[in-house]
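See below for input_32.csv, which holds CSV, C-alpha atoms.
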chain,number,residue,atom,x,y,z
A,1,MET,CA,103.8,64.9,85.0
A,2,GLU,CA,100.6,63.0,85.7
A,3,GLY,CA,97.3,64.9,86.3
A,4,GLY,CA,98.0,67.1,89.4
A,5,GLY,CA,99.6,64.5,91.7
A,6,GLY,CA,101.6,65.3,94.8
A,7,SER,CA,105.1,64.9,93.3
A,8,GLY,CA,105.2,67.5,90.6
A,9,ASP,CA,108.2,69.2,88.9
A,10,LYS,CA,109.2,72.3,90.6
A,11,THR,CA,109.8,74.1,87.3
A,12,THR,CA,106.1,74.3,86.4
A,13,GLY,CA,104.5,77.7,86.0
A,14,VAL,CA,102.9,79.5,88.9
A,15,LEU,CA,99.4,79.3,87.4
A,16,ALA,CA,99.8,75.6,86.5
A,17,GLY,CA,100.4,74.8,90.2
A,18,PHE,CA,97.4,77.1,91.2
A,19,PHE,CA,95.0,75.2,88.9
A,20,GLY,CA,96.2,71.8,90.0
A,21,ALA,CA,98.3,70.9,87.0
A,22,GLY,CA,101.6,71.3,88.8
A,23,GLY,CA,100.7,69.8,92.1
A,24,ALA,CA,102.0,71.0,95.5
A,25,GLY,CA,105.7,70.5,94.7
A,26,TYR,CA,106.4,68.3,97.7
A,27,SER,CA,106.7,64.6,97.8
A,28,HIS,CA,105.8,62.4,100.7
A,29,ALA,CA,109.5,61.7,101.2
A,30,ASP,CA,110.1,65.5,101.7
A,31,LEU,CA,107.4,65.5,104.5
A,32,ALA,CA,108.6,62.3,106.2
A,33,GLY,CA,110.5,64.2,109.0
A,34,ILE,CA,107.8,66.8,109.7
A,35,PRO,CA,105.2,66.0,112.4
A,36,LEU,CA,101.7,66.9,111.1
A,37,THR,CA,99.8,66.8,114.4
A,38,GLY,CA,96.2,67.7,113.9
A,39,MET,CA,96.7,68.1,110.1
A,40,ASN,CA,95.9,66.0,107.2
A,41,PRO,CA,98.7,65.3,104.7
A,42,LEU,CA,99.4,68.2,102.4
A,43,SER,CA,96.6,68.9,100.0
A,44,PRO,CA,97.5,68.9,96.3
A,45,TYR,CA,95.6,72.2,96.0
A,46,LEU,CA,97.6,74.1,98.6
A,47,ASN,CA,101.1,75.2,97.8
A,48,VAL,CA,102.2,75.7,101.5
A,49,ASP,CA,105.2,74.3,103.2
A,50,PRO,CA,103.8,72.6,106.4
A,51,ARG,CA,107.0,73.5,108.3
A,52,TYR,CA,105.6,77.0,108.6
A,53,LEU,CA,102.3,75.8,110.1
A,54,VAL,CA,103.8,74.0,113.1
A,55,GLN,CA,103.6,76.2,116.2
A,56,ASP,CA,106.0,75.2,119.0
A,57,THR,CA,105.9,78.5,120.9
A,58,ASP,CA,103.2,80.7,122.4
A,59,GLU,CA,101.2,83.0,120.2
A,60,PHE,CA,101.5,86.1,122.5
A,61,ILE,CA,104.6,88.0,123.5
A,62,LEU,CA,104.6,88.7,127.2
A,63,PRO,CA,107.1,90.8,129.3
A,64,ILE,CA,109.6,88.8,131.2
A,65,GLY,CA,108.1,87.5,134.4
A,66,ALA,CA,104.5,88.2,133.4
A,67,ASN,CA,101.7,85.7,134.0
A,68,LYS,CA,99.8,84.1,131.2
A,69,THR,CA,96.5,84.6,133.0
A,70,TRP,CA,94.7,87.7,134.1
A,71,GLY,CA,95.1,88.6,137.8
A,72,ARG,CA,92.4,90.1,140.0
A,73,PHE,CA,93.3,93.7,139.0
A,74,GLU,CA,92.9,93.0,135.2
A,75,LEU,CA,89.6,91.1,135.9
A,76,ALA,CA,88.3,94.1,137.9
A,77,PHE,CA,87.8,96.1,134.7
A,78,PHE,CA,85.8,93.4,133.1
A,79,THR,CA,83.8,92.9,136.3
A,80,ILE,CA,82.9,96.5,136.7
A,81,GLY,CA,82.1,97.1,133.0
A,82,GLY,CA,80.0,93.9,132.9
A,83,CYS,CA,78.1,94.8,136.0
A,84,CYS,CA,77.4,98.3,134.7
A,85,MET,CA,76.1,96.9,131.4
A,86,THR,CA,74.0,94.2,133.1
A,87,GLY,CA,72.6,96.8,135.5
A,88,ALA,CA,71.7,99.1,132.6
A,89,ALA,CA,69.9,96.3,130.7
A,90,PHE,CA,68.0,95.1,133.8
A,91,GLY,CA,67.1,98.7,134.8
A,92,ALA,CA,65.9,99.5,131.3
A,93,MET,CA,63.6,96.4,131.3
A,94,ASN,CA,62.4,97.3,134.8
A,95,GLY,CA,61.8,100.9,133.7
A,96,LEU,CA,59.9,99.7,130.6
A,97,ARG,CA,57.7,97.5,132.9
A,98,LEU,CA,57.1,100.3,135.3
A,99,GLY,CA,56.5,102.9,132.6
A,100,LEU,CA,53.9,100.6,130.8
A,101,LYS,CA,52.2,100.0,134.1
A,102,GLU,CA,51.9,103.7,134.9
A,103,THR,CA,50.8,104.9,131.5
A,104,GLN,CA,48.3,102.1,130.9
A,105,ASN,CA,45.3,104.4,131.5
A,106,MET,CA,46.6,107.6,129.8
A,107,ALA,CA,44.4,109.0,127.1
A,108,SER,CA,47.1,110.5,124.9
A,109,SER,CA,50.1,108.5,123.7
A,110,LYS,CA,52.7,111.2,123.4
A,111,PRO,CA,53.0,112.1,127.1
A,112,GLY,CA,52.9,108.4,127.9
A,113,ASN,CA,55.8,107.7,125.5
A,114,VAL,CA,57.8,110.4,127.1
A,115,GLN,CA,57.0,109.0,130.6
A,116,ILE,CA,58.0,105.5,129.5
A,117,LEU,CA,61.3,106.8,128.1
A,118,ASN,CA,62.0,108.7,131.3
A,119,MET,CA,61.4,105.7,133.4
A,120,VAL,CA,63.6,103.5,131.2
A,121,THR,CA,66.4,106.0,131.3
A,122,ARG,CA,66.1,106.7,135.1
A,123,GLN,CA,65.8,103.0,136.0
A,124,GLY,CA,68.7,102.0,133.7
A,125,ALA,CA,71.0,104.6,135.1
A,126,LEU,CA,70.0,103.8,138.7
A,127,TRP,CA,70.6,100.0,138.3
A,128,ALA,CA,73.9,100.5,136.3
A,129,ASN,CA,75.2,102.9,139.0
A,130,THR,CA,74.2,100.5,141.8
A,131,LEU,CA,75.7,97.3,140.3
A,132,GLY,CA,78.8,99.2,139.0
A,133,SER,CA,79.4,100.6,142.6
A,134,LEU,CA,79.1,97.1,144.1
A,135,ALA,CA,81.4,95.7,141.5
A,136,LEU,CA,83.9,98.5,142.2
A,137,LEU,CA,83.8,97.8,145.9
A,138,TYR,CA,84.1,94.0,145.3
A,139,SER,CA,87.1,94.5,142.9
A,140,ALA,CA,88.9,96.9,145.1
A,141,PHE,CA,88.5,94.7,148.2
A,142,GLY,CA,89.6,91.7,146.2
A,143,VAL,CA,92.8,93.4,145.0
A,144,ILE,CA,93.5,94.7,148.5
A,145,VAL,CA,93.0,91.3,150.1
A,146,GLU,CA,95.1,89.6,147.4
A,147,LYS,CA,98.0,92.0,147.8
A,148,THR,CA,97.8,91.9,151.6
A,149,ARG,CA,97.7,88.1,151.8
A,150,GLY,CA,100.1,87.5,148.8
A,151,ALA,CA,98.0,84.5,147.6
A,152,GLU,CA,95.5,83.9,144.9
A,153,ASP,CA,92.8,81.6,146.2
A,154,ASP,CA,89.1,81.4,147.0
A,155,LEU,CA,89.5,82.9,150.4
A,156,ASN,CA,90.2,86.3,148.7
A,157,THR,CA,86.9,86.0,146.9
A,158,VAL,CA,84.9,85.2,150.0
A,159,ALA,CA,86.6,88.0,152.0
A,160,ALA,CA,86.0,90.5,149.2
A,161,GLY,CA,82.4,89.5,148.9
A,162,THR,CA,81.9,89.6,152.7
A,163,MET,CA,83.5,93.1,153.0
A,164,THR,CA,81.5,94.4,150.1
A,165,GLY,CA,78.2,93.2,151.6
A,166,MET,CA,79.1,94.6,155.0
A,167,LEU,CA,80.0,98.0,153.6
A,168,TYR,CA,77.0,98.1,151.3
A,169,LYS,CA,74.6,97.4,154.2
A,170,CYS,CA,76.5,99.7,156.6
A,171,THR,CA,74.1,102.6,156.8
A,172,VAL,CA,74.2,105.7,159.1
A,173,SER,CA,71.6,104.1,161.4
A,174,GLU,CA,73.8,101.0,161.9
A,175,MET,CA,76.8,103.3,162.8
A,176,ALA,CA,74.7,104.5,165.7
A,177,LEU,CA,74.1,100.9,166.7
A,178,ASP,CA,77.9,100.4,166.9
A,179,SER,CA,78.2,97.8,164.2
A,180,PRO,CA,81.8,96.4,164.4
A,181,PHE,CA,82.6,96.9,160.8
A,182,CYS,CA,81.1,100.4,160.7
A,183,VAL,CA,83.0,101.3,163.8
A,184,LEU,CA,86.1,100.0,162.1
A,185,LEU,CA,85.4,102.1,159.0
A,186,SER,CA,84.5,105.3,160.9
A,187,GLY,CA,87.7,105.0,162.9
A,188,SER,CA,86.1,105.7,166.3
Target encoding structure tokens, full file:
Amino acid sequence: MEGGGGSGDKTTGVLAGFFGAGGAGYSHADLAGIPLTGMNPLSPYLNVDPRYLVQDTDEFILPIGANKTWGRFELAFFTIGGCCMTGAAFGAMNGLRLGLKETQNMASSKPGNVQILNMVTRQGALWANTLGSLALLYSAFGVIVEKTRGAEDDLNTVAAGTMTGMLYKCTVSEMALDSPFCVLLSGS
């Protein structure tokens, strides 16, 4: 055997192959029928059969008839959670700004620190609740429109956004003004 080449004797010891003395144990003739797409020829330092590295099927096991992409219902959880976290982060920064502004002229630092912490907590919760509620409305309308229409397209997104905006801005005073969407929601 010559100095760790690619065509070694398969009867060499395990450690000899590990340290490069035995080679990989495969000749180029053995690999001639195996497509090595995206791979370099077998390294003399790896003792791996490349037939095990070729993937011709999908990595994930899905139930029969399941889609390979997330639908609007699965994306709703990501949307709601992401909006809540974004709202909490934005609200905390806004609360820090407001707290620093209000406690700027305080003589003692302890009450000022408590007031800043209260503002950060209050604003963070307020913004997280607001954006989370909007995301919940948007996701619910999106799922309802998709199931009603039976299609997955951009019109569902536009309709869900429009209905969310209309419901969010639909206040009690607008109900008295007989807003068409508010009248539809109130049922009168």
Contact residues around Gly112 of chain A with only C-alpha atoms at 10 Å, ignoring same-chain residues under 5 positions, as a list in words: Gly99, Leu100, Glu102, Thr103, Gln104, Asn105, Met106, Ala107, Leu117 and Asn118 of chain A
Export C-alpha atoms of the chosen residues as a PDB file, keeping the file's coordinate frame?
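Dumped to part_6.pdb:
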ATOM      1  CA  GLY A  99      56.500 102.900 132.600  1.00  0.00           C
ATOM      2  CA  LEU A 100      53.900 100.600 130.800  1.00  0.00           C
ATOM      3  CA  GLU A 102      51.900 103.700 134.900  1.00  0.00           C
ATOM      4  CA  THR A 103      50.800 104.900 131.500  1.00  0.00           C
ATOM      5  CA  GLN A 104      48.300 102.100 130.900  1.00  0.00           C
ATOM      6  CA  ASN A 105      45.300 104.400 131.500  1.00  0.00           C
ATOM      7  CA  MET A 106      46.600 107.600 129.800  1.00  0.00           C
ATOM      8  CA  ALA A 107      44.400 109.000 127.100  1.00  0.00           C
ATOM      9  CA  LEU A 117      61.300 106.800 128.100  1.00  0.00           C
ATOM     10  CA  ASN A 118      62.000 108.700 131.300  1.00  0.00           C
TER      11      ASN A 118
END
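Here atom CA of Val120 of chain A stands at a distance of 8.6 Å from atom CA of Arg97 of chain A.
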Give me, as a ChimeraX atom specification, all polymer residues having an atom no more than 12 Å from segment 78-93 of chain A, counting all atoms listed in the file and skipping those fewer than 6 positions away in the same chain. /A:70-72,99-100,116-140,142
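As for atom CA of Met163 of chain A and atom CA of Phe141 of chain A, they are spaced 7.1 Å apart.
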Between atom CA of Leu155 of chain A and atom CA of Ile64 of chain A lies a distance of 28.4 Å
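Proximity to Phe77 of chain A was assessed for A:Gln115, A:Gly150, A:Val143, A:Met166 counting all atoms listed in the file; the smallest distance is recorded for A:Val143.
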